[in-house]
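Asks: Below you'll find upload-v2.txt; it's compact mmCIF, C-alpha atoms and all ligand atoms.
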```
# COMPACT_ATOMS: atom_id res chain seq x y z
CA MET K 1 33.39 -17.19 58.41
CA HIS K 2 34.40 -18.21 61.94
CA PHE K 3 38.09 -18.01 62.94
CA ASN K 4 39.65 -19.49 66.04
CA PHE K 5 42.97 -18.27 67.48
CA LYS K 6 45.01 -20.62 65.27
CA GLY K 7 43.12 -19.39 62.23
CA TYR K 8 44.09 -15.79 62.99
CA LEU K 9 47.75 -16.77 63.44
CA ILE K 10 47.77 -18.48 60.04
CA LEU K 11 46.10 -15.44 58.47
CA ILE K 12 48.67 -13.05 60.01
CA ALA K 13 51.53 -15.31 58.88
CA LEU K 14 50.12 -15.33 55.34
CA ILE K 15 49.80 -11.54 55.26
CA LEU K 16 53.40 -11.19 56.53
CA LEU K 17 54.62 -13.61 53.88
CA ILE K 18 52.88 -11.66 51.13
CA LEU K 19 54.31 -8.36 52.45
CA VAL K 20 57.84 -9.81 52.49
CA TYR K 21 57.65 -11.30 48.99
CA GLU K 22 55.65 -8.58 47.26
CA ILE K 23 57.05 -5.46 48.92
CA LEU K 24 60.12 -5.96 51.11
CA ILE K 25 62.20 -8.23 48.84
CA PRO K 26 61.55 -6.19 45.64
CA TYR K 27 62.29 -3.00 47.61
CA ILE K 28 65.64 -4.33 48.84
CA ARG K 29 66.49 -5.66 45.36
CA HIS K 30 65.77 -2.33 43.63
CA THR K 31 67.58 -0.32 46.33
CA ARG K 32 70.69 -2.50 45.96
CA LEU K 33 70.51 -2.22 42.17
CA HIS K 34 70.39 1.56 42.49
CA TRP K 35 73.49 1.61 44.74
CA ASP K 36 75.32 -0.59 42.20
CA THR K 37 74.13 1.66 39.38
CA LYS K 38 75.46 4.83 41.03
CA GLU K 39 78.78 3.12 41.72
CA LEU K 40 79.10 1.79 38.16
CA TYR K 41 78.25 5.17 36.60
CA GLY K 42 80.94 6.76 38.81
CA GLN K 43 83.49 4.18 37.62
CA LEU K 44 83.09 4.95 33.91
CA SER K 45 85.29 8.08 34.07
CA GLY K 46 88.21 6.09 35.52
CA SER K 47 87.65 2.93 33.45
CA VAL K 48 90.43 1.31 31.39
CA LEU K 49 87.95 1.21 28.52
CA PRO K 50 88.24 4.23 26.19
CA TRP K 51 84.82 5.72 26.95
CA GLN K 52 84.27 9.07 25.22
CA VAL K 53 82.08 11.80 26.64
CA ILE K 54 79.76 12.52 23.69
CA GLY K 55 77.50 15.02 25.39
CA LYS K 56 76.07 16.42 28.60
CA SER K 57 72.70 15.86 30.23
CA THR K 58 70.28 18.62 31.26
CA GLU K 59 72.10 18.91 34.61
CA GLY K 60 75.53 18.68 32.99
CA ARG K 61 76.34 15.03 33.69
CA ASP K 62 78.57 13.15 31.24
CA ILE K 63 76.96 10.94 28.62
CA TYR K 64 79.40 8.23 27.55
CA ALA K 65 79.88 6.20 24.39
CA LEU K 66 82.29 3.45 23.43
CA GLU K 67 83.08 2.81 19.78
CA LEU K 68 84.49 -0.62 18.94
CA GLN K 69 85.36 -2.08 15.57
CA SER K 70 86.67 -5.47 14.55
CA GLY K 71 87.67 -6.09 10.92
CA GLN K 72 87.20 -3.75 7.96
CA ASP K 73 83.40 -3.63 7.95
CA THR K 74 82.25 -0.20 9.16
CA THR K 75 78.55 -1.19 9.21
CA THR K 76 77.42 0.26 12.51
CA THR K 77 75.06 -0.95 15.21
CA VAL K 78 74.15 1.58 17.91
CA ILE K 79 73.02 0.22 21.28
CA PHE K 80 71.43 2.42 23.95
CA GLY K 81 71.08 1.39 27.60
CA ALA K 82 68.92 3.51 29.86
CA PHE K 83 66.61 6.06 28.23
CA HIS K 84 64.49 5.70 31.35
CA GLY K 85 66.40 6.28 34.57
CA ASP K 86 64.34 3.86 36.62
CA GLU K 87 65.07 1.02 34.17
CA GLN K 88 68.60 0.42 35.37
CA THR K 89 69.25 -3.15 34.21
CA GLY K 90 69.85 -2.04 30.60
CA PHE K 91 72.61 0.30 31.80
CA HIS K 92 74.43 -2.61 33.48
CA LEU K 93 73.86 -4.80 30.42
CA VAL K 94 75.48 -2.32 28.02
CA VAL K 95 78.49 -1.79 30.32
CA GLN K 96 78.88 -5.58 30.56
CA LEU K 97 78.67 -5.84 26.76
CA ALA K 98 81.33 -3.12 26.43
CA GLU K 99 83.70 -4.95 28.79
CA THR K 100 83.13 -8.27 27.03
CA LEU K 101 83.70 -6.89 23.50
CA TYR K 102 86.69 -4.83 24.61
CA ALA K 103 88.31 -7.99 26.03
CA LYS K 104 87.27 -10.18 23.05
CA PRO K 105 86.97 -7.91 19.98
CA LYS K 106 86.80 -10.90 17.58
CA LEU K 107 83.30 -11.70 18.86
CA ILE K 108 82.05 -9.06 16.40
CA HIS K 109 82.86 -8.43 12.72
CA SER K 110 81.80 -4.81 12.27
CA ARG K 111 81.43 -1.60 14.27
CA VAL K 112 79.34 -0.98 17.36
CA VAL K 113 78.65 2.18 19.35
CA LEU K 114 77.57 1.56 22.94
CA ILE K 115 75.78 4.24 24.97
CA PRO K 116 75.02 2.78 28.43
CA VAL K 117 72.89 5.72 29.58
CA LEU K 118 71.35 8.59 27.61
CA ASN K 119 69.60 9.96 30.71
CA PRO K 120 72.14 9.97 33.56
CA ASP K 121 70.15 12.55 35.57
CA GLY K 122 67.20 10.16 35.71
CA LEU K 123 69.47 7.16 36.30
CA LEU K 124 71.15 8.64 39.39
CA LYS K 125 67.76 9.68 40.82
CA ARG K 126 66.12 6.41 39.77
CA LYS K 127 63.37 8.20 37.89
CA ARG K 128 62.04 7.57 34.41
CA THR K 129 62.11 11.13 33.09
CA ASN K 130 65.02 13.54 32.61
CA ALA K 131 65.85 16.49 34.92
CA ASN K 132 63.05 18.54 33.26
CA ASP K 133 60.56 15.72 34.06
CA VAL K 134 60.28 14.93 30.35
CA ASP K 135 60.00 11.38 29.00
CA ILE K 136 62.81 11.29 26.39
CA ASN K 137 61.00 8.41 24.70
CA ARG K 138 58.01 10.71 23.92
CA ASN K 139 60.06 13.78 22.94
CA PHE K 140 61.26 12.88 19.43
CA PRO K 141 60.08 15.12 16.55
CA THR K 142 57.80 12.60 14.83
CA ASP K 143 54.63 13.24 12.83
CA ASN K 144 52.63 11.77 15.71
CA TRP K 145 54.29 13.83 18.50
CA THR K 146 51.61 15.38 20.69
CA PRO K 147 51.65 17.75 23.69
CA VAL K 148 48.70 15.77 25.11
CA TYR K 149 49.55 13.14 27.72
CA GLU K 150 47.63 11.18 30.32
CA LYS K 151 50.24 10.49 33.00
CA ALA K 152 53.22 12.54 34.24
CA ARG K 153 55.54 9.66 33.39
CA TYR K 154 54.79 10.22 29.68
CA HIS K 155 55.39 13.99 29.67
CA PRO K 156 56.39 14.65 26.02
CA GLY K 157 58.12 18.00 26.75
CA PRO K 158 57.18 21.57 25.76
CA SER K 159 57.97 20.94 22.07
CA PRO K 160 59.23 18.05 19.93
CA GLY K 161 62.97 17.50 20.33
CA SER K 162 63.15 20.05 23.17
CA GLU K 163 65.50 18.01 25.39
CA VAL K 164 69.30 17.86 25.08
CA GLU K 165 69.21 14.06 25.56
CA THR K 166 66.78 13.69 22.63
CA GLN K 167 68.95 15.99 20.50
CA LEU K 168 72.02 13.91 21.33
CA ALA K 169 70.32 10.66 20.23
CA MET K 170 69.49 12.40 16.93
CA LYS K 171 73.09 13.60 16.54
CA ILE K 172 74.36 10.06 17.09
CA ILE K 173 72.17 8.87 14.19
CA ASP K 174 73.46 11.72 11.97
CA ARG K 175 77.04 10.93 12.88
CA TYR K 176 77.07 7.13 12.55
CA HIS K 177 74.26 6.40 10.06
CA PRO K 178 73.60 3.13 11.92
CA ALA K 179 72.45 0.08 9.97
CA LYS K 180 70.45 -0.90 13.06
CA ILE K 181 69.66 0.33 16.55
CA ILE K 182 68.87 -1.45 19.80
CA SER K 183 67.33 0.50 22.66
CA ILE K 184 67.06 -1.34 25.98
CA HIS K 185 64.21 -0.90 28.46
CA ASP K 186 62.41 -2.96 31.09
CA ASP K 187 60.24 -4.75 32.11
CA LEU K 188 57.82 -5.88 29.39
CA MET K 189 60.02 -8.83 28.27
CA MET K 190 59.82 -8.61 24.48
CA ASN K 191 61.78 -8.01 21.31
CA ASN K 192 59.71 -5.08 20.08
CA TYR K 193 60.57 -3.87 16.58
CA ASN K 194 60.02 -0.71 14.55
CA GLY K 195 60.85 -0.27 10.89
CA PRO K 196 62.30 -3.16 8.86
CA ALA K 197 63.52 -5.12 11.91
CA LYS K 198 61.29 -8.19 12.19
CA GLU K 199 64.08 -10.59 11.14
CA LEU K 200 66.50 -8.93 13.56
CA ALA K 201 63.96 -9.32 16.38
CA GLU K 202 63.53 -12.99 15.45
CA GLU K 203 67.31 -13.46 15.49
CA MET K 204 67.50 -12.03 19.02
CA ALA K 205 64.56 -14.18 20.11
CA LYS K 206 66.57 -17.30 19.20
CA TYR K 207 68.88 -16.40 22.08
CA ASN K 208 66.74 -14.61 24.67
CA GLY K 209 63.46 -16.44 24.02
CA TYR K 210 61.36 -13.28 24.43
CA PRO K 211 58.28 -12.75 22.25
CA VAL K 212 58.68 -10.83 18.97
CA THR K 213 56.15 -8.06 18.44
CA SER K 214 55.67 -4.78 16.56
CA ASP K 215 53.20 -3.57 19.19
CA VAL K 216 53.94 -2.78 22.86
CA GLY K 217 50.20 -2.61 23.53
CA TYR K 218 49.71 1.16 23.92
CA PRO K 219 50.39 4.26 21.77
CA THR K 220 53.89 5.76 21.99
CA PRO K 221 53.84 9.06 20.03
CA GLY K 222 57.22 10.76 19.79
CA SER K 223 59.08 7.58 20.73
CA PHE K 224 62.55 6.69 19.50
CA GLY K 225 61.04 3.65 17.74
CA ASN K 226 58.67 5.92 15.83
CA PHE K 227 61.40 8.38 14.99
CA ALA K 228 64.29 6.16 13.95
CA GLY K 229 62.42 2.95 13.07
CA GLU K 230 59.19 4.09 11.40
CA GLU K 231 60.18 7.50 10.01
CA LEU K 232 63.90 7.12 9.21
CA GLY K 233 63.49 3.44 8.27
CA ILE K 234 66.39 2.23 10.43
CA PRO K 235 65.78 -1.29 11.79
CA LEU K 236 65.17 -0.66 15.49
CA ILE K 237 64.67 -3.08 18.36
CA THR K 238 63.29 -1.96 21.68
CA LEU K 239 64.61 -4.76 23.85
CA GLU K 240 62.30 -4.95 26.84
CA LEU K 241 63.99 -6.96 29.59
CA PRO K 242 62.04 -8.82 32.25
CA ASP K 243 62.14 -7.47 35.83
CA THR K 244 65.40 -9.15 36.74
CA ASN K 245 68.93 -8.53 38.04
CA PRO K 246 71.85 -7.53 35.78
CA GLU K 247 73.50 -10.97 36.05
CA ASP K 248 70.44 -12.85 34.78
CA ALA K 249 69.78 -10.15 32.17
CA TRP K 250 73.32 -10.70 30.83
CA GLU K 251 72.89 -14.47 30.95
CA GLU K 252 69.74 -14.18 28.83
CA ASN K 253 70.86 -11.39 26.49
CA GLY K 254 74.65 -11.35 26.08
CA GLN K 255 74.51 -13.73 23.10
CA ALA K 256 71.37 -12.05 21.73
CA LEU K 257 73.12 -8.66 21.61
CA ILE K 258 76.28 -10.05 19.99
CA ALA K 259 74.13 -11.92 17.43
CA ALA K 260 72.27 -8.66 16.75
CA ILE K 261 75.53 -6.79 16.10
CA ASN K 262 76.66 -9.54 13.70
CA PHE K 263 73.25 -9.89 12.01
CA LYS K 264 73.07 -9.07 8.31
CA ARG K 265 69.84 -8.99 6.32
ZN ZN N 301 61.50 2.32 29.26
```
Re-express the file's structure as structure tokens.
Ligand SMILES: [Zn+2]
Replies:
Amino acid sequence: MHFNFKGYLILIALILLILVYEILIPYIRHTRLHWDTKELYGQLSGSVLPWQVIGKSTEGRDIYALELQSGQDTTTTVIFGAFHGDEQTGFHLVVQLAETLYAKPKLIHSRVVLIPVLNPDGLLKRKRTNANDVDINRNFPTDNWTPVYEKARYHPGPSPGSEVETQLAMKIIDRYHPAKIISIHDDLMMNNYNGPAKELAEEMAKYNGYPVTSDVGYPTPGSFGNFAGEELGIPLITLELPDTNPEDAWEENGQALIAAINFKR
């Protein structure tokens, strides 16, 4: 191919445009999100909302929960934000849900327990794994737990249930006996269900429009979905957000989460 001077200029402009859109803009967006995340986590301790510290992370950071109930029905939905510290949108979404339900308790008719971040060490460092470099979502003591893993991001830990964050998630189930669980991740954009939760996933899809599936497309031994959904039989949704900002995530999922809390089989 023969290029004249003008041709080279157009080529350089195209390459610059691709660099800006594919690398620079996403980089700035994720960096800003991380600043906002650190600020929001810091604000939880001084919030007017009655957050309780329900446990400590590997490095001793506070893990918060908010329990809200409206009416006499004690049927409990547990909602987790960030298991994975680099998936920060879910953290913002659960804090936003907490503020909304605290201001308007009548939006729900039962009990909900909100845990914005199970892995604050990872969240503040913007990394998937916990402070021991373990993927919490591969560390649960399931029949299919395995010490074998292909990538560092899926490190299942030295033994099943070895991590304090994993143990805390299990304690929350023991304490609340939830009727259903929602665990928020990004960015596969789907209502993924484990256990008897297909109808719940379909209910959420009415509001967020994301596909309903029982299969994320790759094996997830030792995952929370396997543990609580498949083995304990608790309806469990892994809500996979798209790669988006917290405002749009709330726009798409605020109603879906409230509908999920109010959903009865
Ligand atoms: Zn995730």
Asks: Give as a PyMOL selection string the residues surrounding ligand ZN 301 (chain N) up to a distance of 8 Å, considering all atoms listed in the file.
Replies: chain K and resi 82-84+87+128+137+184-187+240
Asks: Name the closest residue to Asp36 (chain K) among the candidates K:Thr76, K:Gln88, K:Ser70, K:Thr129; distances are taken between atoms, counting all atoms listed in the file.
Replies: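 Smallest separation from Asp36 (chain K) among the options: K:Gln88.
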Asks: Give me, please, the distance in Å between CA of Gly209 (chain K) and CA of His109 (chain K), quoted to one decimal.
Replies: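 It comes out at 23.8 Å.
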Asks: When you look at region 197-205 of chain K with a cut-off of 6 Å (counting only C-alpha atoms), what residues show up, excluding the ones that are within fewer than 3 positions of it in the same chain? I need them as a list in words.
Replies: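 So, after excluding close chain neighbours, the residues are Asn191, Tyr193, Asn208, Gly209, Tyr210, Pro235, Leu236 and Ala256 of chain K.
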Asks: So which residues touch Pro160 (chain K) within 12 Å, counting all atoms listed in the file, skipping near sequence neighbours fewer than 2 positions away, as a count of residues only?
Replies: 29
Asks: Between CA of Asn226 (chain K) and CA of Arg61 (chain K), what distance in Å does the model show, to one decimal?
Replies: 26.7 Å
Asks: By how many Å are CA of Phe5 (chain K) and CA of Glu22 (chain K) apart?
Replies: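 Taking CA of Phe5 (chain K) as the start and CA of Glu22 (chain K) as the end point, the length is 25.8 Å.
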Asks: Counting all atoms listed in the file, what is within 8 Å of Asn192 (chain K), bar same-chain residues fewer than 2 positions away, as a list in words?
Replies: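 My list of contacting residues is Met190, Asn194, Ala201, Val212, Thr213, Ser214, Asp215, Val216, Ile237, Thr238, Leu239 and Glu240 of chain K.
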Asks: For region 138-149 of chain K, I'd like the enclosing box, axis-aligned and padded by 6 Å on every side, reported as JSON with centre and edge lengths in Å to one decimal.
Replies:
```
{"center_x": 55.0, "center_y": 14.2, "center_z": 20.3, "size_x": 24.6, "size_y": 19.0, "size_z": 26.9}
```
Asks: Would you kindly place N, CA and C atoms on region 145-162 of chain K and return the model as an mmCIF file, keeping the file's coordinate frame?
Replies:
```cif
data_model
loop_
_atom_site.group_PDB
_atom_site.id
_atom_site.type_symbol
_atom_site.label_atom_id
_atom_site.label_comp_id
_atom_site.auth_asym_id
_atom_site.auth_seq_id
_atom_site.Cartn_x
_atom_site.Cartn_y
_atom_site.Cartn_z
ATOM 1 N N TRP K 145 54.002 13.186 17.203
ATOM 2 C CA TRP K 145 54.290 13.830 18.500
ATOM 3 C C TRP K 145 53.068 14.659 18.923
ATOM 4 N N THR K 146 52.761 14.618 20.201
ATOM 5 C CA THR K 146 51.610 15.380 20.690
ATOM 6 C C THR K 146 51.917 15.948 22.073
ATOM 7 N N PRO K 147 51.444 17.189 22.351
ATOM 8 C CA PRO K 147 51.650 17.750 23.690
ATOM 9 C C PRO K 147 50.679 17.154 24.721
ATOM 10 N N VAL K 148 49.707 16.365 24.216
ATOM 11 C CA VAL K 148 48.700 15.770 25.110
ATOM 12 C C VAL K 148 49.260 14.500 25.743
ATOM 13 N N TYR K 149 49.094 14.363 27.061
ATOM 14 C CA TYR K 149 49.550 13.140 27.720
ATOM 15 C C TYR K 149 48.659 12.863 28.920
ATOM 16 N N GLU K 150 48.549 11.568 29.250
ATOM 17 C CA GLU K 150 47.630 11.180 30.320
ATOM 18 C C GLU K 150 48.289 11.114 31.680
ATOM 19 N N LYS K 151 49.553 10.644 31.710
ATOM 20 C CA LYS K 151 50.240 10.490 33.000
ATOM 21 C C LYS K 151 51.554 11.264 32.967
ATOM 22 N N ALA K 152 51.987 11.753 34.151
ATOM 23 C CA ALA K 152 53.220 12.540 34.240
ATOM 24 C C ALA K 152 54.427 11.786 33.701
ATOM 25 N N ARG K 153 54.391 10.450 33.836
ATOM 26 C CA ARG K 153 55.540 9.660 33.390
ATOM 27 C C ARG K 153 55.739 9.716 31.873
ATOM 28 N N TYR K 154 54.687 10.123 31.142
ATOM 29 C CA TYR K 154 54.790 10.220 29.680
ATOM 30 C C TYR K 154 54.876 11.668 29.198
ATOM 31 N N HIS K 155 55.321 12.576 30.055
ATOM 32 C CA HIS K 155 55.390 13.990 29.670
ATOM 33 C C HIS K 155 56.251 14.150 28.411
ATOM 34 N N PRO K 156 55.653 14.626 27.286
ATOM 35 C CA PRO K 156 56.390 14.650 26.020
ATOM 36 C C PRO K 156 57.291 15.882 25.848
ATOM 37 N N GLY K 157 57.305 16.799 26.854
ATOM 38 C CA GLY K 157 58.120 18.000 26.750
ATOM 39 C C GLY K 157 57.341 19.156 26.165
ATOM 40 N N PRO K 158 57.887 20.390 26.245
ATOM 41 C CA PRO K 158 57.180 21.570 25.760
ATOM 42 C C PRO K 158 57.061 21.617 24.231
ATOM 43 N N SER K 159 58.012 20.993 23.543
ATOM 44 C CA SER K 159 57.970 20.940 22.070
ATOM 45 C C SER K 159 58.768 19.721 21.615
ATOM 46 N N PRO K 160 58.508 19.242 20.383
ATOM 47 C CA PRO K 160 59.230 18.050 19.930
ATOM 48 C C PRO K 160 60.732 18.299 19.853
ATOM 49 N N GLY K 161 61.512 17.374 20.370
ATOM 50 C CA GLY K 161 62.970 17.500 20.330
ATOM 51 C C GLY K 161 63.504 18.583 21.246
ATOM 52 N N SER K 162 62.743 18.952 22.292
ATOM 53 C CA SER K 162 63.150 20.050 23.170
ATOM 54 C C SER K 162 64.327 19.693 24.091
#
```
